[in-house]
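Asks: Could you have a look at this structure, given as structure tokens, before my questions?
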Amino acid sequence: MTDYRDFTWTDANKAEADRIIALYPPGRQASAIMPLLWLAQYQMRDETGIAWLPVPVIEYVAAQIGMPYIRAYEVASFYTMYNLKPVGRYHVQLCGTTPCLLRGSDEIMKACKDKGLKKGATTADGLFTLTEVECLGACANAPMVQINDDNYEDLTYDSMTGILDMLARGETPKVGSQIGRTASCPEGGPTTLTEMA
Ligand code: FES
């Protein structure tokens, strides 16, 4: 794939796209735009190693459901889950919304900066892209980041630094709470109804 104009679904994704489109009643196929863009972004990642949506890919998806390109672009540019520029191998999405801010997201941002990541940019080695995003729905375990498909929660400066170091070495850090919480249980385990725990 050179300029992405030859983007077409793989056989498996063609079947998945057809399944998604069939979920909507006749005349409402435009409603499939979000899952189709998401599917296309995954296919781009699988085929090129970079999860993003170049213009010809958005055009391809829009044409499939009879939607003007500009409307598909409006969707793709509204949500931070769609990447309109190439990202690094690890896309670090750092939540800076109030609960994460109150729980120390500034320290997490500092850990990223101290490792050479810059907000809105990709590191020269192509490993990391840092994006500050709004709430990612894991506020109970703030502060947190999402890296590619995984959440890392209950972060500190040190644990964030460790995660970035491990990724840079090609290792797989533990996902989820970094202090051992199960989902959003209280720190240290249950404090009420303990006999039922
Ligand atoms: S405020 Fe950060 S996950 Fe909700």
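As shown in the structure tokens, the chain order sets the letters A, B, ...; within each chain, residues go from 1, and ligands are also counted from 1 in the order they appear.
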With only C-alpha atoms and all ligand atoms counted, collect every polymer residue having an atom within 6 Å of ligand 1; state the result as number ranges by chain.
Replies: A: 95, 97-100, 135-139, 142
Asks: Could the residues in this selection be saved with N, CA and C atoms as a CSV table (one decimal), in the first residue's frame?
Replies:
```csv
chain,number,residue,atom,x,y,z
A,95,CYS,N,-5.2,10.8,30.2
A,95,CYS,CA,-6.4,11.5,30.6
A,95,CYS,C,-6.0,12.7,31.5
A,97,THR,N,-8.6,15.0,32.4
A,97,THR,CA,-9.8,15.5,32.9
A,97,THR,C,-9.8,15.6,34.5
A,98,THR,N,-10.8,16.3,35.1
A,98,THR,CA,-10.7,16.7,36.5
A,98,THR,C,-10.3,15.5,37.5
A,99,PRO,N,-11.1,14.4,37.5
A,99,PRO,CA,-10.7,13.4,38.5
A,99,PRO,C,-9.2,12.9,38.3
A,100,CYS,N,-8.8,12.7,37.1
A,100,CYS,CA,-7.4,12.4,36.9
A,100,CYS,C,-6.4,13.5,37.3
A,135,CYS,N,-11.8,12.5,29.6
A,135,CYS,CA,-12.1,11.3,30.4
A,135,CYS,C,-12.3,10.0,29.6
A,136,LEU,N,-11.6,9.0,30.0
A,136,LEU,CA,-11.6,7.7,29.3
A,136,LEU,C,-12.5,6.7,30.1
A,137,GLY,N,-13.2,7.2,31.0
A,137,GLY,CA,-14.2,6.4,31.7
A,137,GLY,C,-13.6,5.4,32.8
A,138,ALA,N,-12.4,5.7,33.3
A,138,ALA,CA,-11.8,4.9,34.3
A,138,ALA,C,-11.5,5.8,35.5
A,139,CYS,N,-12.3,6.8,35.8
A,139,CYS,CA,-12.0,7.8,36.8
A,139,CYS,C,-11.8,7.2,38.2
A,142,ALA,N,-8.2,6.7,38.8
A,142,ALA,CA,-7.4,7.8,38.3
A,142,ALA,C,-6.1,7.9,39.2
```
Asks: Skipping near chain neighbours, those fewer than 2 positions away, what residues fall within 12 Å of range 4-6 of chain A using only C-alpha atoms, listed as a PyMOL selection string?
Replies: chain A and resi 1-2+8-10+40+43-44+47-48+52-61
Asks: May I have the residues from that selection written out with N, CA and C atoms, as a CSV table (one decimal), in the first residue's frame?
Replies:
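Generated file (result-v4.csv):
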```
chain,number,residue,atom,x,y,z
A,1,MET,N,0.9,-1.2,0.0
A,1,MET,CA,0.0,0.0,0.0
A,1,MET,C,0.9,1.2,0.0
A,2,THR,N,0.8,2.0,-1.0
A,2,THR,CA,1.7,3.2,-1.1
A,2,THR,C,1.0,4.5,-0.7
A,8,THR,N,-8.6,-1.7,0.4
A,8,THR,CA,-9.9,-2.4,0.3
A,8,THR,C,-9.9,-3.3,1.5
A,9,TRP,N,-11.1,-3.7,1.9
A,9,TRP,CA,-11.2,-4.6,3.1
A,9,TRP,C,-10.5,-5.9,2.8
A,10,THR,N,-10.0,-6.5,3.8
A,10,THR,CA,-9.6,-7.9,3.7
A,10,THR,C,-10.9,-8.7,3.7
A,40,ALA,N,-11.5,0.0,10.0
A,40,ALA,CA,-10.5,0.4,9.0
A,40,ALA,C,-9.2,0.8,9.7
A,43,GLN,N,-7.5,-2.3,10.5
A,43,GLN,CA,-6.9,-3.0,9.4
A,43,GLN,C,-5.6,-2.2,9.0
A,44,MET,N,-5.6,-0.9,9.1
A,44,MET,CA,-4.4,-0.1,8.8
A,44,MET,C,-3.3,-0.6,9.7
A,47,GLU,N,-2.0,-3.9,8.6
A,47,GLU,CA,-1.3,-3.9,7.3
A,47,GLU,C,0.0,-3.1,7.2
A,48,THR,N,0.0,-2.0,8.0
A,48,THR,CA,1.1,-1.0,7.9
A,48,THR,C,1.9,-0.9,9.2
A,52,TRP,N,-4.0,4.3,11.8
A,52,TRP,CA,-4.5,5.7,11.6
A,52,TRP,C,-5.4,5.6,10.3
A,53,LEU,N,-6.0,6.8,10.0
A,53,LEU,CA,-7.0,6.8,8.9
A,53,LEU,C,-6.6,7.9,7.9
A,54,PRO,N,-5.8,7.5,6.9
A,54,PRO,CA,-5.5,8.5,5.8
A,54,PRO,C,-6.8,8.9,5.0
A,55,VAL,N,-6.8,10.0,4.4
A,55,VAL,CA,-8.0,10.5,3.7
A,55,VAL,C,-8.6,9.4,2.7
A,56,PRO,N,-7.8,8.7,1.9
A,56,PRO,CA,-8.4,7.7,1.0
A,56,PRO,C,-9.1,6.6,1.7
A,57,VAL,N,-8.7,6.3,2.9
A,57,VAL,CA,-9.4,5.2,3.7
A,57,VAL,C,-10.7,5.7,4.2
A,58,ILE,N,-10.7,7.0,4.6
A,58,ILE,CA,-12.0,7.6,5.1
A,58,ILE,C,-13.0,7.6,3.9
A,59,GLU,N,-12.4,8.0,2.7
A,59,GLU,CA,-13.3,8.1,1.5
A,59,GLU,C,-13.8,6.7,1.2
A,60,TYR,N,-13.0,5.7,1.3
A,60,TYR,CA,-13.4,4.3,1.0
A,60,TYR,C,-14.6,3.9,1.9
A,61,VAL,N,-14.4,4.2,3.2
A,61,VAL,CA,-15.5,3.8,4.1
A,61,VAL,C,-16.8,4.6,3.9
```
Asks: What parts of range 50-188 of chain A does DSSP call helix (DSSP H, G or I)? I'd like the answer as a ChimeraX atom specification.
Replies: /A:55-64,69-78,98-102,105-114,139-141,157-168
Asks: Residues as selected, N, CA and C atoms, written as a short mmCIF file (atom, residue, chain, number, x, y, z; two decimals), in the first residue's frame, can you do that?
Replies:
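Result file follows (out39.cif):
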```cif
data_model
loop_
_atom_site.label_atom_id
_atom_site.label_comp_id
_atom_site.auth_asym_id
_atom_site.auth_seq_id
_atom_site.Cartn_x
_atom_site.Cartn_y
_atom_site.Cartn_z
N VAL A 55 -6.81 10.00 4.36
CA VAL A 55 -8.01 10.46 3.65
C VAL A 55 -8.59 9.39 2.72
N PRO A 56 -7.80 8.71 1.88
CA PRO A 56 -8.41 7.73 0.98
C PRO A 56 -9.14 6.60 1.71
N VAL A 57 -8.69 6.28 2.91
CA VAL A 57 -9.36 5.22 3.68
C VAL A 57 -10.71 5.73 4.19
N ILE A 58 -10.74 6.97 4.65
CA ILE A 58 -12.02 7.55 5.09
C ILE A 58 -12.97 7.64 3.89
N GLU A 59 -12.43 8.03 2.73
CA GLU A 59 -13.26 8.10 1.51
C GLU A 59 -13.84 6.73 1.17
N TYR A 60 -13.01 5.71 1.30
CA TYR A 60 -13.44 4.34 0.98
C TYR A 60 -14.60 3.93 1.88
N VAL A 61 -14.44 4.19 3.18
CA VAL A 61 -15.48 3.81 4.13
C VAL A 61 -16.76 4.61 3.87
N ALA A 62 -16.60 5.92 3.64
CA ALA A 62 -17.78 6.78 3.41
C ALA A 62 -18.55 6.31 2.17
N ALA A 63 -17.80 6.00 1.10
CA ALA A 63 -18.44 5.59 -0.16
C ALA A 63 -19.24 4.32 0.04
N GLN A 64 -18.73 3.46 0.92
CA GLN A 64 -19.40 2.17 1.10
C GLN A 64 -20.81 2.33 1.66
N TYR A 69 -17.95 12.36 1.91
CA TYR A 69 -16.67 12.28 2.63
C TYR A 69 -16.63 13.24 3.80
N ILE A 70 -17.12 14.46 3.59
CA ILE A 70 -16.97 15.48 4.63
C ILE A 70 -17.71 15.08 5.91
N ARG A 71 -18.82 14.36 5.77
CA ARG A 71 -19.55 13.93 6.97
C ARG A 71 -18.77 12.84 7.71
N ALA A 72 -18.16 11.96 6.95
CA ALA A 72 -17.33 10.93 7.59
C ALA A 72 -16.13 11.58 8.26
N TYR A 73 -15.57 12.60 7.61
CA TYR A 73 -14.42 13.30 8.19
C TYR A 73 -14.82 14.02 9.48
N GLU A 74 -16.04 14.58 9.49
CA GLU A 74 -16.53 15.25 10.70
C GLU A 74 -16.54 14.28 11.88
N VAL A 75 -16.97 13.05 11.63
CA VAL A 75 -16.99 12.03 12.69
C VAL A 75 -15.56 11.69 13.10
N ALA A 76 -14.72 11.42 12.10
CA ALA A 76 -13.34 10.99 12.39
C ALA A 76 -12.55 12.07 13.12
N SER A 77 -12.87 13.34 12.84
CA SER A 77 -12.10 14.41 13.47
C SER A 77 -12.68 14.81 14.82
N PHE A 78 -13.89 14.34 15.14
CA PHE A 78 -14.50 14.70 16.43
C PHE A 78 -13.98 13.83 17.56
N THR A 98 -10.76 16.32 35.06
CA THR A 98 -10.69 16.69 36.48
C THR A 98 -10.35 15.55 37.45
N PRO A 99 -11.07 14.40 37.47
CA PRO A 99 -10.69 13.38 38.45
C PRO A 99 -9.24 12.92 38.30
N CYS A 100 -8.78 12.75 37.08
CA CYS A 100 -7.38 12.35 36.89
C CYS A 100 -6.44 13.49 37.28
N LEU A 101 -6.85 14.72 36.98
CA LEU A 101 -6.03 15.88 37.35
C LEU A 101 -5.87 15.95 38.87
N LEU A 102 -7.01 15.77 39.60
CA LEU A 102 -6.97 15.85 41.06
C LEU A 102 -6.14 14.71 41.67
N SER A 105 -2.55 13.61 37.50
CA SER A 105 -2.18 13.39 36.09
C SER A 105 -1.01 14.28 35.65
N ASP A 106 -0.80 15.40 36.35
CA ASP A 106 0.36 16.24 36.02
C ASP A 106 1.67 15.47 36.21
N GLU A 107 1.70 14.63 37.25
CA GLU A 107 2.90 13.82 37.49
C GLU A 107 3.09 12.78 36.38
N ILE A 108 1.98 12.28 35.87
CA ILE A 108 2.06 11.27 34.80
C ILE A 108 2.56 11.95 33.52
N MET A 109 2.05 13.17 33.30
CA MET A 109 2.53 13.94 32.15
C MET A 109 4.03 14.21 32.30
N LYS A 110 4.45 14.52 33.51
CA LYS A 110 5.88 14.80 33.75
C LYS A 110 6.71 13.54 33.47
N ALA A 111 6.21 12.39 33.90
CA ALA A 111 6.93 11.13 33.65
C ALA A 111 7.09 10.93 32.13
N CYS A 112 6.04 11.22 31.39
CA CYS A 112 6.11 11.07 29.92
C CYS A 112 7.15 12.04 29.35
N LYS A 113 7.07 13.30 29.79
CA LYS A 113 8.00 14.30 29.26
C LYS A 113 9.44 13.94 29.60
N ASP A 114 9.66 13.45 30.83
CA ASP A 114 11.01 13.09 31.23
C ASP A 114 11.56 11.91 30.43
N CYS A 139 -12.34 6.78 35.80
CA CYS A 139 -12.03 7.80 36.81
C CYS A 139 -11.79 7.18 38.19
N ALA A 140 -12.49 6.08 38.52
CA ALA A 140 -12.35 5.50 39.85
C ALA A 140 -10.92 5.06 40.11
N ASN A 141 -10.17 4.81 39.06
CA ASN A 141 -8.79 4.37 39.20
C ASN A 141 -7.82 5.41 38.65
N TYR A 157 4.18 8.65 39.20
CA TYR A 157 5.32 9.01 38.35
C TYR A 157 6.18 7.77 38.09
N ASP A 158 6.48 7.03 39.17
CA ASP A 158 7.39 5.89 39.03
C ASP A 158 6.78 4.75 38.21
N SER A 159 5.50 4.45 38.47
CA SER A 159 4.92 3.32 37.72
C SER A 159 4.78 3.67 36.24
N MET A 160 4.47 4.95 35.94
CA MET A 160 4.38 5.35 34.53
C MET A 160 5.74 5.25 33.86
N THR A 161 6.77 5.69 34.58
CA THR A 161 8.12 5.59 34.03
C THR A 161 8.47 4.14 33.74
N GLY A 162 8.12 3.26 34.67
CA GLY A 162 8.41 1.83 34.49
C GLY A 162 7.69 1.25 33.29
N ILE A 163 6.44 1.66 33.09
CA ILE A 163 5.66 1.15 31.95
C ILE A 163 6.32 1.59 30.63
N LEU A 164 6.70 2.85 30.56
CA LEU A 164 7.33 3.34 29.32
C LEU A 164 8.67 2.63 29.09
N ASP A 165 9.41 2.39 30.16
CA ASP A 165 10.69 1.68 30.01
C ASP A 165 10.46 0.26 29.48
N MET A 166 9.47 -0.42 30.03
CA MET A 166 9.20 -1.79 29.60
C MET A 166 8.78 -1.83 28.13
N LEU A 167 7.90 -0.92 27.74
CA LEU A 167 7.46 -0.90 26.34
C LEU A 167 8.65 -0.63 25.41
N ALA A 168 9.52 0.29 25.83
CA ALA A 168 10.68 0.61 25.00
C ALA A 168 11.60 -0.59 24.85
#
```
Asks: Please measure the separation of CA of Tyr82 in chain A and CA of Pro143 in chain A, giving the value in Å to one decimal.
Replies: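 A separation of 22.3 Å between them.
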Asks: Determine the nearest neighbour of Val87 in chain A from the options A:Gly49, A:Gly188, A:Gly170, A:Gly27, counting only C-alpha atoms.
Replies: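 Smallest distance to Val87 in chain A is found for A:Gly49.
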Asks: Which one of A:Leu39, A:Ala51, A:Glu195, A:Met34 sits closest to Ala12 in chain A if you count only C-alpha atoms?
Replies: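 Nearest to Ala12 in chain A: A:Leu39.
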Asks: Of the candidates A:Ala22, A:Thr192, A:Val133, A:His91, which shows the shortest atom-to-atom distance to Asp150 in chain A, using only C-alpha atoms?
Replies: A:His91
Asks: What is the CA of Thr131 in chain A to CA of Gly180 in chain A distance in Å?
Replies: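 Answer for the CA of Thr131 in chain A to CA of Gly180 in chain A separation: 25.9 Å.
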Asks: CA of Leu36 in chain A and CA of Ile20 in chain A are how many Å apart?
Replies: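 Here the two named atoms are 7.6 Å from each other.
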